[in-house]
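Visitor: Right, I'll just put the structure down here and ask away after.
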Amino acid sequence: MHCGACGGVGPGTILAAIPGERFTNQFLVAMPGMSDPNFAQTVTLVCDHGPQGALGIVINRPLGMTLGEVFGQLGLDATHSRVASDPVLQGGPVQTDRGFVLHTPGPTWDSTLAVSEGLHLTTSRDIVDALARGEGPSDALFALGYAGWGAGQLEEEVAQNAWLTVPADARMVLGKQLEQRWQAAG
């Protein structure tokens, strides 16, 4: 897995989301009139937002596969995994072959972005290996792909009322009620 948003930083580096950036650690709740099928009735956690654009993970769209299936495709033994039955989410339409793990803080991973004090985003393989072994963060959400916006694009979409913005809640991100997140966030 590769972290395009992390800029290729070295192992063990935790990047802090830029304080004061408007939408970092916010939920984007798709308004009922959202016509883009990639985002209709979605809740997206904005993980990073700066002058170059924004990166987010859709947190309520299951792909119809489990994390155990991903472990199998990667050749990992998931006998002791606590999360093998968890659903894999469609994190967004960009780089859908890349894995993104939203999780509680804990051990240092090779490529992690601190979204908030209580929520991190990791894109390196070491966290996937740990989750398969039954180790790793106590709470995690696995998504394939991400949502991305160019410079000024997200601000324009919010100004056009495509999205409702609300403060993110780590409990909703890591909770199990996927189908209820859109209603609960809005």
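Convention: chains lettered A, B, ... in structure tokens order; per-chain residue numbering from 1; ligands numbered from 1 as shown.
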How would you write, as an MDAnalysis selection string, the set of residues in stretch 71-138 of chain A that DSSP gives as strand (DSSP E or B)?

Guide: chainID A and resid 87:90 94:103 111:116 119:122

Visitor: What would the file look like if the residues just selected were written as a CSV table (one decimal), in the first residue's frame with C-alpha atoms?

Guide:
chain,number,residue,atom,x,y,z
A,87,PRO,CA,-16.6,-5.3,6.3
A,88,VAL,CA,-14.3,-3.6,3.9
A,89,LEU,CA,-15.5,-0.2,2.8
A,90,GLN,CA,-15.4,1.6,-0.4
A,94,VAL,CA,-9.6,7.2,-6.2
A,95,GLN,CA,-7.0,4.5,-6.1
A,96,THR,CA,-9.5,1.7,-5.3
A,97,ASP,CA,-6.7,-0.8,-5.1
A,98,ARG,CA,-5.1,0.9,-2.2
A,99,GLY,CA,-5.9,0.2,1.5
A,100,PHE,CA,-6.6,2.8,4.1
A,101,VAL,CA,-7.0,2.0,7.8
A,102,LEU,CA,-8.7,4.5,10.1
A,103,HIS,CA,-7.9,3.6,13.7
A,111,SER,CA,2.9,5.7,7.2
A,112,THR,CA,0.4,7.4,9.5
A,113,LEU,CA,-1.5,10.6,9.4
A,114,ALA,CA,-3.0,12.0,12.6
A,115,VAL,CA,-6.5,13.1,11.7
A,116,SER,CA,-7.2,14.1,15.2
A,119,LEU,CA,-8.2,9.1,15.1
A,120,HIS,CA,-5.3,8.2,12.8
A,121,LEU,CA,-5.1,7.1,9.1
A,122,THR,CA,-2.5,4.5,8.2

Visitor: Could you give me, as a list of chain:residue names, the residues within 12 Å of A:Leu164, counting only C-alpha atoms and dropping anything in the same chain fewer than 3 positions from it?

Guide: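 Those residues are A:Phe23, A:Gln26, A:Phe27, A:Leu28, A:Val29, A:Ala30, A:Met31, A:Pro32, A:Gly33, A:Met34, A:Gln41, A:Thr42, A:Val43, A:Thr44, A:Leu45, A:Leu154, A:Glu155, A:Glu157, A:Val158, A:Ala159, A:Gln160, A:Asn161, A:Pro167, A:Ala168, A:Trp182, A:Gln183, A:Ala185, A:Gly186.
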
Visitor: For the residues in that selection, give me N, CA and C atoms as a PDB file, in the first residue's frame.

Guide:
ATOM      1  N   PHE A  23     -11.608  21.894   6.862  1.00  0.00           N
ATOM      2  CA  PHE A  23     -12.427  20.685   6.881  1.00  0.00           C
ATOM      3  C   PHE A  23     -11.717  19.445   7.428  1.00  0.00           C
ATOM      4  N   GLN A  26     -13.564  16.710   9.826  1.00  0.00           N
ATOM      5  CA  GLN A  26     -14.989  17.021   9.678  1.00  0.00           C
ATOM      6  C   GLN A  26     -15.632  15.898   8.864  1.00  0.00           C
ATOM      7  N   PHE A  27     -16.910  15.666   9.126  1.00  0.00           N
ATOM      8  CA  PHE A  27     -17.687  14.790   8.261  1.00  0.00           C
ATOM      9  C   PHE A  27     -18.279  15.624   7.145  1.00  0.00           C
ATOM     10  N   LEU A  28     -18.228  15.096   5.942  1.00  0.00           N
ATOM     11  CA  LEU A  28     -18.982  15.634   4.821  1.00  0.00           C
ATOM     12  C   LEU A  28     -20.178  14.713   4.649  1.00  0.00           C
ATOM     13  N   VAL A  29     -21.358  15.229   4.875  1.00  0.00           N
ATOM     14  CA  VAL A  29     -22.577  14.443   4.741  1.00  0.00           C
ATOM     15  C   VAL A  29     -23.206  14.850   3.410  1.00  0.00           C
ATOM     16  N   ALA A  30     -23.326  13.891   2.510  1.00  0.00           N
ATOM     17  CA  ALA A  30     -23.891  14.187   1.192  1.00  0.00           C
ATOM     18  C   ALA A  30     -25.323  14.672   1.361  1.00  0.00           C
ATOM     19  N   MET A  31     -25.622  15.799   0.740  1.00  0.00           N
ATOM     20  CA  MET A  31     -26.986  16.328   0.790  1.00  0.00           C
ATOM     21  C   MET A  31     -27.894  15.426  -0.048  1.00  0.00           C
ATOM     22  N   PRO A  32     -29.194  15.400   0.251  1.00  0.00           N
ATOM     23  CA  PRO A  32     -30.104  14.495  -0.465  1.00  0.00           C
ATOM     24  C   PRO A  32     -30.079  14.660  -1.988  1.00  0.00           C
ATOM     25  N   GLY A  33     -29.752  15.841  -2.481  1.00  0.00           N
ATOM     26  CA  GLY A  33     -29.717  16.058  -3.924  1.00  0.00           C
ATOM     27  C   GLY A  33     -28.416  15.673  -4.596  1.00  0.00           C
ATOM     28  N   MET A  34     -27.481  15.061  -3.857  1.00  0.00           N
ATOM     29  CA  MET A  34     -26.184  14.674  -4.430  1.00  0.00           C
ATOM     30  C   MET A  34     -26.416  13.705  -5.586  1.00  0.00           C
ATOM     31  N   GLN A  41     -25.755   9.667  -0.535  1.00  0.00           N
ATOM     32  CA  GLN A  41     -26.023   9.128   0.799  1.00  0.00           C
ATOM     33  C   GLN A  41     -24.769   8.622   1.501  1.00  0.00           C
ATOM     34  N   THR A  42     -23.670   9.352   1.368  1.00  0.00           N
ATOM     35  CA  THR A  42     -22.437   8.957   2.041  1.00  0.00           C
ATOM     36  C   THR A  42     -22.073   9.933   3.147  1.00  0.00           C
ATOM     37  N   VAL A  43     -21.236   9.431   4.043  1.00  0.00           N
ATOM     38  CA  VAL A  43     -20.565  10.243   5.050  1.00  0.00           C
ATOM     39  C   VAL A  43     -19.077  10.044   4.794  1.00  0.00           C
ATOM     40  N   THR A  44     -18.368  11.142   4.591  1.00  0.00           N
ATOM     41  CA  THR A  44     -16.940  11.092   4.298  1.00  0.00           C
ATOM     42  C   THR A  44     -16.185  11.812   5.405  1.00  0.00           C
ATOM     43  N   LEU A  45     -15.190  11.156   5.964  1.00  0.00           N
ATOM     44  CA  LEU A  45     -14.323  11.792   6.952  1.00  0.00           C
ATOM     45  C   LEU A  45     -13.192  12.484   6.201  1.00  0.00           C
ATOM     46  N   LEU A 154     -13.197  21.321  -2.914  1.00  0.00           N
ATOM     47  CA  LEU A 154     -14.086  20.986  -1.809  1.00  0.00           C
ATOM     48  C   LEU A 154     -14.807  22.238  -1.301  1.00  0.00           C
ATOM     49  N   GLU A 155     -14.090  23.338  -1.185  1.00  0.00           N
ATOM     50  CA  GLU A 155     -14.712  24.578  -0.731  1.00  0.00           C
ATOM     51  C   GLU A 155     -15.855  24.987  -1.662  1.00  0.00           C
ATOM     52  N   GLU A 157     -17.654  22.933  -3.617  1.00  0.00           N
ATOM     53  CA  GLU A 157     -18.764  21.993  -3.457  1.00  0.00           C
ATOM     54  C   GLU A 157     -19.572  22.294  -2.189  1.00  0.00           C
ATOM     55  N   VAL A 158     -18.888  22.663  -1.103  1.00  0.00           N
ATOM     56  CA  VAL A 158     -19.589  23.010   0.131  1.00  0.00           C
ATOM     57  C   VAL A 158     -20.396  24.293  -0.081  1.00  0.00           C
ATOM     58  N   ALA A 159     -19.813  25.277  -0.764  1.00  0.00           N
ATOM     59  CA  ALA A 159     -20.522  26.532  -1.042  1.00  0.00           C
ATOM     60  C   ALA A 159     -21.759  26.300  -1.909  1.00  0.00           C
ATOM     61  N   GLN A 160     -21.720  25.256  -2.750  1.00  0.00           N
ATOM     62  CA  GLN A 160     -22.864  24.919  -3.609  1.00  0.00           C
ATOM     63  C   GLN A 160     -23.870  24.007  -2.897  1.00  0.00           C
ATOM     64  N   ASN A 161     -23.672  23.796  -1.603  1.00  0.00           N
ATOM     65  CA  ASN A 161     -24.559  22.964  -0.775  1.00  0.00           C
ATOM     66  C   ASN A 161     -24.622  21.506  -1.211  1.00  0.00           C
ATOM     67  N   PRO A 167     -18.728  18.357  12.745  1.00  0.00           N
ATOM     68  CA  PRO A 167     -17.519  17.830  13.391  1.00  0.00           C
ATOM     69  C   PRO A 167     -17.529  16.298  13.404  1.00  0.00           C
ATOM     70  N   ALA A 168     -16.381  15.721  13.147  1.00  0.00           N
ATOM     71  CA  ALA A 168     -16.264  14.258  13.128  1.00  0.00           C
ATOM     72  C   ALA A 168     -16.357  13.696  14.537  1.00  0.00           C
ATOM     73  N   TRP A 182     -25.283   7.750   7.726  1.00  0.00           N
ATOM     74  CA  TRP A 182     -25.700   8.917   6.952  1.00  0.00           C
ATOM     75  C   TRP A 182     -26.779   9.689   7.701  1.00  0.00           C
ATOM     76  N   GLN A 183     -27.780   8.985   8.218  1.00  0.00           N
ATOM     77  CA  GLN A 183     -28.842   9.645   8.973  1.00  0.00           C
ATOM     78  C   GLN A 183     -28.309  10.228  10.276  1.00  0.00           C
ATOM     79  N   ALA A 185     -25.253  11.229  11.049  1.00  0.00           N
ATOM     80  CA  ALA A 185     -24.322  12.340  10.886  1.00  0.00           C
ATOM     81  C   ALA A 185     -25.024  13.625  10.503  1.00  0.00           C
ATOM     82  N   GLY A 186     -26.144  13.515   9.774  1.00  0.00           N
ATOM     83  CA  GLY A 186     -26.833  14.697   9.270  1.00  0.00           C
ATOM     84  C   GLY A 186     -27.839  15.187  10.250  1.00  0.00           C
TER      85      GLY A 186
END

Visitor: Residues of stretch 97-163 of chain A in helix (DSSP H, G or I) according to DSSP, as a list in words?

Guide: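 Reading the DSSP output for stretch 97-163 of chain A, helix (DSSP H, G or I) covers Arg125, Asp126, Ile127, Val128, Asp129, Ala130, Leu131, Ala132, Gln153, Leu154, Glu155, Glu156, Glu157, Val158 and Ala159 of chain A.
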
Visitor: Can you pull out every residue within 12 Å of A:Ala78, counting only C-alpha atoms, but drop anything in the same chain fewer than 5 positions away, and send it as a PyMOL selection string?

Guide: chain A and resi 66-73+83-85+128-135

Visitor: Mind pulling up the distance from atom CA of A:Pro107 to atom CA of A:Asp139?

Guide: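 We find that atom CA of A:Asp139 and atom CA of A:Pro107 lie 12.6 Å from each other.
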
Visitor: Distance atom CA of A:Gly50-atom CA of A:Pro137, one decimal place?

Guide: 27.1 Å

Visitor: So that I can see what lies close to A:Arg61, please list as a ChimeraX atom specification the residues with an atom at most 12 Å from it, counting only C-alpha atoms and leaving out residues fewer than 2 positions away in the same chain.

Guide: /A:37-44,57-59,63-65,87-93,141-146,173,177-182

Visitor: Find the distance between atom CA of A:Ala170 and atom CA of A:Thr123 and write it in Å to one decimal.

Guide: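 So the answer is 18.1 Å.
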
Visitor: From the options A:Pro105, A:Pro62, A:Gly118, A:Gly136, which residue's atoms come nearest to A:Asp86, counting only C-alpha atoms?

Guide: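 Result for the nearest residue to A:Asp86: A:Pro62.
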